[in-house]
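Data block for run00.txt (compact mmCIF, C-alpha atoms and all ligand atoms):
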# COMPACT_ATOMS: atom_id res chain seq x y z
CA MET A 1 31.18 42.93 -29.48
CA ILE A 2 34.89 43.71 -29.70
CA ALA A 3 38.00 42.85 -27.72
CA HIS A 4 41.53 44.09 -28.35
CA ILE A 5 44.34 41.62 -27.97
CA HIS A 6 47.72 43.26 -28.49
CA ASP A 7 47.35 45.09 -31.82
CA ALA A 8 44.64 42.77 -33.07
CA THR A 9 40.85 42.97 -32.89
CA LEU A 10 38.64 40.04 -31.96
CA GLU A 11 35.07 40.67 -32.98
CA LEU A 12 31.75 38.83 -32.63
CA VAL A 13 28.90 39.55 -35.03
CA GLN A 14 25.60 37.89 -35.77
CA GLY A 15 25.26 37.19 -39.48
CA ASP A 16 26.05 35.08 -42.51
CA ILE A 17 29.63 33.95 -43.10
CA THR A 18 29.26 34.34 -46.89
CA GLU A 19 28.63 38.08 -46.57
CA GLN A 20 31.84 38.92 -44.73
CA GLU A 21 34.30 41.10 -46.61
CA VAL A 22 37.53 39.76 -45.16
CA ASP A 23 40.69 38.24 -46.63
CA VAL A 24 39.81 34.71 -45.52
CA LEU A 25 36.51 32.97 -44.84
CA VAL A 26 36.52 29.76 -42.85
CA ASN A 27 34.22 26.96 -43.92
CA ALA A 28 32.93 24.34 -41.45
CA ALA A 29 33.83 21.47 -43.77
CA ASN A 30 33.85 17.68 -43.43
CA ARG A 31 36.80 15.29 -43.84
CA HIS A 32 35.84 14.47 -47.41
CA LEU A 33 35.49 18.14 -48.39
CA ALA A 34 32.25 16.94 -49.93
CA GLY A 35 30.04 19.93 -49.20
CA GLY A 36 27.02 19.70 -46.94
CA ALA A 37 24.39 21.71 -45.15
CA GLY A 38 24.81 24.79 -42.95
CA ALA A 39 27.77 27.08 -43.43
CA ASP A 40 29.36 24.62 -45.87
CA GLY A 41 26.30 24.62 -48.14
CA ALA A 42 26.08 28.42 -48.06
CA ILE A 43 29.77 28.83 -48.93
CA HIS A 44 29.64 26.47 -51.90
CA SER A 45 26.37 27.81 -53.19
CA ARG A 46 27.45 31.46 -53.00
CA GLY A 47 31.09 30.79 -53.95
CA GLY A 48 30.19 28.63 -56.96
CA PRO A 49 31.55 25.31 -58.30
CA ALA A 50 35.15 26.55 -58.76
CA ILE A 51 35.81 26.05 -55.04
CA MET A 52 34.97 22.35 -55.05
CA ARG A 53 36.76 21.82 -58.36
CA GLU A 54 39.89 23.15 -56.72
CA THR A 55 39.57 21.18 -53.46
CA ARG A 56 38.92 17.94 -55.40
CA ARG A 57 42.02 18.53 -57.50
CA ARG A 58 44.35 19.64 -54.70
CA TYR A 59 43.08 17.51 -51.83
CA PRO A 60 41.73 14.25 -53.24
CA GLU A 61 42.26 12.60 -49.84
CA GLY A 62 40.18 15.28 -48.08
CA CYS A 63 41.40 16.88 -44.85
CA PRO A 64 41.92 15.27 -41.43
CA THR A 65 39.76 16.27 -38.48
CA GLY A 66 41.43 19.08 -36.54
CA SER A 67 43.09 20.61 -39.58
CA ALA A 68 42.25 22.86 -42.55
CA VAL A 69 43.13 23.32 -46.21
CA ILE A 70 43.02 26.42 -48.39
CA SER A 71 41.33 27.22 -51.70
CA GLU A 72 40.39 30.25 -53.75
CA ALA A 73 37.12 31.92 -52.79
CA GLY A 74 35.22 31.83 -56.12
CA GLY A 75 32.43 34.41 -56.08
CA LEU A 76 32.72 35.15 -52.36
CA PRO A 77 33.97 38.57 -51.18
CA ALA A 78 37.25 37.13 -49.85
CA LYS A 79 40.63 36.06 -51.23
CA TYR A 80 40.60 32.54 -49.83
CA VAL A 81 38.40 29.96 -48.17
CA LEU A 82 39.87 27.77 -45.45
CA HIS A 83 38.08 24.44 -45.22
CA ALA A 84 38.39 23.55 -41.54
CA VAL A 85 37.30 20.16 -40.28
CA GLY A 86 36.02 20.23 -36.72
CA PRO A 87 35.26 17.12 -34.67
CA ILE A 88 31.90 15.41 -34.41
CA TRP A 89 30.72 15.77 -30.77
CA ASN A 90 30.74 12.49 -28.87
CA ASP A 91 30.21 13.55 -25.25
CA GLY A 92 33.73 14.96 -25.05
CA GLN A 93 35.25 11.48 -24.99
CA GLU A 94 37.26 11.69 -28.20
CA GLN A 95 39.61 14.65 -27.89
CA GLU A 96 36.97 16.92 -29.35
CA ALA A 97 38.30 20.03 -27.58
CA GLU A 98 41.85 19.45 -28.75
CA LEU A 99 40.71 18.78 -32.32
CA LEU A 100 38.50 21.88 -32.37
CA ALA A 101 41.35 24.03 -31.03
CA ASN A 102 43.75 22.56 -33.60
CA ALA A 103 41.36 23.36 -36.46
CA HIS A 104 41.22 27.01 -35.36
CA ARG A 105 44.98 27.26 -34.93
CA LYS A 106 45.62 25.76 -38.36
CA CYS A 107 43.33 28.38 -39.94
CA LEU A 108 45.15 31.20 -38.19
CA GLU A 109 48.53 29.80 -39.23
CA LEU A 110 47.45 29.49 -42.86
CA ALA A 111 46.01 33.02 -42.85
CA VAL A 112 49.27 34.47 -41.54
CA GLU A 113 51.30 32.36 -43.98
CA LYS A 114 49.24 33.84 -46.84
CA ASP A 115 49.70 37.39 -45.51
CA CYS A 116 45.99 37.73 -44.82
CA ASP A 117 45.13 40.28 -42.15
CA SER A 118 41.45 39.50 -41.61
CA ILE A 119 39.64 36.20 -41.11
CA ALA A 120 36.04 35.22 -40.35
CA PHE A 121 35.09 31.97 -38.60
CA PRO A 122 31.66 30.36 -38.24
CA ALA A 123 30.98 28.38 -35.05
CA ILE A 124 32.73 25.23 -36.31
CA SER A 125 31.22 21.87 -35.22
CA THR A 126 28.17 23.44 -33.54
CA GLY A 127 25.65 22.59 -36.28
CA VAL A 128 25.32 19.12 -37.76
CA TYR A 129 28.36 17.99 -35.71
CA GLY A 130 26.52 18.67 -32.46
CA TYR A 131 29.23 20.36 -30.34
CA PRO A 132 27.54 22.22 -27.45
CA ILE A 133 27.80 25.89 -28.35
CA ASP A 134 29.02 27.15 -24.95
CA GLN A 135 31.83 24.62 -24.88
CA ALA A 136 32.73 25.24 -28.53
CA ALA A 137 32.82 29.00 -27.86
CA ARG A 138 35.26 28.53 -24.98
CA VAL A 139 37.60 26.33 -27.01
CA ALA A 140 37.49 28.52 -30.13
CA LEU A 141 37.90 31.85 -28.34
CA LYS A 142 40.68 30.60 -26.05
CA GLU A 143 42.65 29.30 -29.01
CA VAL A 144 42.27 32.54 -30.95
CA ILE A 145 43.21 34.66 -27.94
CA GLN A 146 46.29 32.53 -27.33
CA PHE A 147 47.32 32.82 -30.98
CA LEU A 148 46.84 36.59 -31.02
CA ASN A 149 48.78 36.92 -27.78
CA GLU A 150 51.65 34.96 -29.32
CA HIS A 151 51.65 36.39 -32.84
CA GLY A 152 49.81 39.74 -32.72
CA LYS A 153 48.08 38.91 -36.03
CA PRO A 154 45.91 38.54 -38.09
CA GLY A 155 44.76 42.09 -37.37
CA LEU A 156 41.08 41.13 -37.38
CA VAL A 157 39.53 37.85 -36.27
CA ARG A 158 35.75 37.83 -36.54
CA PHE A 159 33.36 35.12 -35.37
CA VAL A 160 30.15 35.16 -37.39
CA LEU A 161 27.33 33.63 -35.37
CA PHE A 162 24.29 32.65 -37.31
CA ASP A 163 21.63 33.12 -34.65
CA SER A 164 21.12 35.14 -31.50
CA ARG A 165 21.63 32.16 -29.19
CA ALA A 166 25.05 31.38 -30.66
CA PHE A 167 25.94 35.06 -30.51
CA SER A 168 24.99 35.42 -26.87
CA GLN A 169 26.86 32.27 -25.87
CA PHE A 170 30.02 33.48 -27.60
CA ALA A 171 29.56 36.95 -26.10
CA GLN A 172 29.23 35.55 -22.60
CA VAL A 173 32.37 33.45 -22.94
CA LEU A 174 34.37 36.29 -24.52
CA GLY A 175 33.30 38.55 -21.65
CA GLU A 176 34.64 35.99 -19.20
CA LEU A 177 37.93 35.56 -21.02
CA VAL A 178 38.89 39.17 -21.71
CA GLU A 179 37.73 42.68 -21.04
CA ALA A 180 35.48 43.18 -24.04
CA ILE A 181 33.64 46.26 -25.32
CA THR A 182 29.98 45.75 -26.20
P1 LIG A 201 29.39 21.53 -38.53
O1 LIG A 201 29.16 20.36 -39.45
O2 LIG A 201 30.87 21.83 -38.32
O3 LIG A 201 28.61 21.42 -37.26
P2 LIG A 201 27.49 23.45 -39.69
O4 LIG A 201 27.69 24.26 -40.92
O5 LIG A 201 26.40 22.44 -39.67
O6 LIG A 201 28.93 22.80 -39.36
O7 LIG A 201 27.27 24.43 -38.46
C1 LIG A 201 28.25 25.25 -37.90
C2 LIG A 201 27.61 26.52 -37.40
O8 LIG A 201 27.40 27.39 -38.50
C3 LIG A 201 26.24 26.33 -36.73
O9 LIG A 201 26.24 27.08 -35.54
C4 LIG A 201 25.26 26.90 -37.76
O10 LIG A 201 24.14 27.50 -37.13
C5 LIG A 201 26.11 27.96 -38.41
N1 LIG A 201 25.71 28.38 -39.77
C6 LIG A 201 24.89 27.79 -40.66
N2 LIG A 201 24.81 28.52 -41.80
C7 LIG A 201 25.63 29.61 -41.60
C8 LIG A 201 25.97 30.76 -42.38
N3 LIG A 201 25.47 30.95 -43.62
N4 LIG A 201 26.82 31.67 -41.83
C9 LIG A 201 27.34 31.49 -40.60
N5 LIG A 201 27.05 30.44 -39.82
C10 LIG A 201 26.20 29.51 -40.31
As structure tokens, how would this structure be written, given the file I've shared?
Ligand code: ADP
Amino acid sequence: MIAHIHDATLELVQGDITEQEVDVLVNAANRHLAGGAGADGAIHSRGGPAIMRETRRRYPEGCPTGSAVISEAGGLPAKYVLHAVGPIWNDGQEQEAELLANAHRKCLELAVEKDCDSIAFPAISTGVYGYPIDQAARVALKEVIQFLNEHGKPGLVRFVLFDSRAFSQFAQVLGELVEAIT
């Protein structure tokens, strides 16, 4: 599913984040940048140990929730990995939406700063962190659309949804937010 926002393309696909050939892959990391299950585990296992060596050296304090830090991409088919830390869902009582939006915006800012024209996001916070997928989709897509409306880049923003349920939730929300082409 594709939507055009100014000169940029916003795309939804079902698949594996580690297989995306884009300039920047986003990792759904944790505050300690310690690796984990889900997208994080897949990125470190396919990217190799160089990624964690670099994040340990450059970011010994980890990364705050609602932000992101950059590293090389090791063996992954990308130039960089952005380790984005989404919030843990707690019934929406702890600024989760704002923190999730901030994490997405920080990734887009870092991508543009590094002259990267394509970026792929997983559905941050919707796995182990328990964020309801429909609500996460609305926050993530709104933030990306707003950024693309303001900046007109990166040229390609792709959400990579791991299963058909996540894909259809994102597709429904995108359809509500913009005129999208299926
Ligand atoms: P978080 O801790 O931020 O919730 P997870 O990695 O547990 O992060 O989950 C985030 C989302 O990524 C979930 O929707 C999960 O289904 C999905 N996911 C898991 N593995 C992959 C993968 N290899 N590629 C893309 N998405 C994945």
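Contact shell of range 97-109 of chain A at 7 Å (all atoms listed in the file; same-chain neighbours under 3 positions omitted): Thr65, Gly66, Ser67, Ala68, Leu82, Ala84, Val85, Gly86, Pro87, Val112, Glu113, Val139, Ala140 and Glu143 of chain A.
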Handout entry: Test item: residues lying within 10 Å of ligand LIG 201 (chain A) with all atoms listed in the file, as number ranges by chain
Key = A: 13-20, 26-30, 35-43, 46, 84-89, 100, 120-133, 136, 159-167
Item to complete: Please provide as a ChimeraX atom specification all residues within 7 Å of Ile51 in chain A, with the sequence filter that same-chain residues fewer than 3 positions apart are discarded (counting all atoms listed in the file).
Response: /A:44,47-48,54-55,71-74
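Shortest atom-to-atom contact with Leu141 in chain A among A:Leu33, A:Leu10, A:Leu156, A:Met1: A:Leu10, counting all atoms listed in the file.
If you count only C-alpha atoms and ignore residues fewer than 2 places along the chain from Ile145 in chain A, what sits within 10 Å of it is Ala3, His4, Ile5, His6, Ala8, Thr9, Leu10, Ala140, Leu141, Lys142, Glu143, Phe147, Leu148, Asn149, Glu150, His151, Gly152, Val157, Leu174, Leu177 and Val178 of chain A.
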Closest of A:Val81, A:Cys63, A:Ala50, A:Ile119 to Arg31 in chain A, counting all atoms listed in the file, is A:Cys63
Atom pair CA of Pro154 in chain A + CA of Ala111 in chain A, distance 7.3 Å
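Nearest residue to Ser168 in chain A among A:Lys153, A:Pro64, A:Ala137, A:Tyr80 is A:Ala137, counting only C-alpha atoms.
One distance worth recording is that between CA of Pro60 in chain A and CA of Leu110 in chain A, which is 19.3 Å.
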Between CA of Ile70 in chain A and CA of Asp117 in chain A lies a distance of 15.3 Å
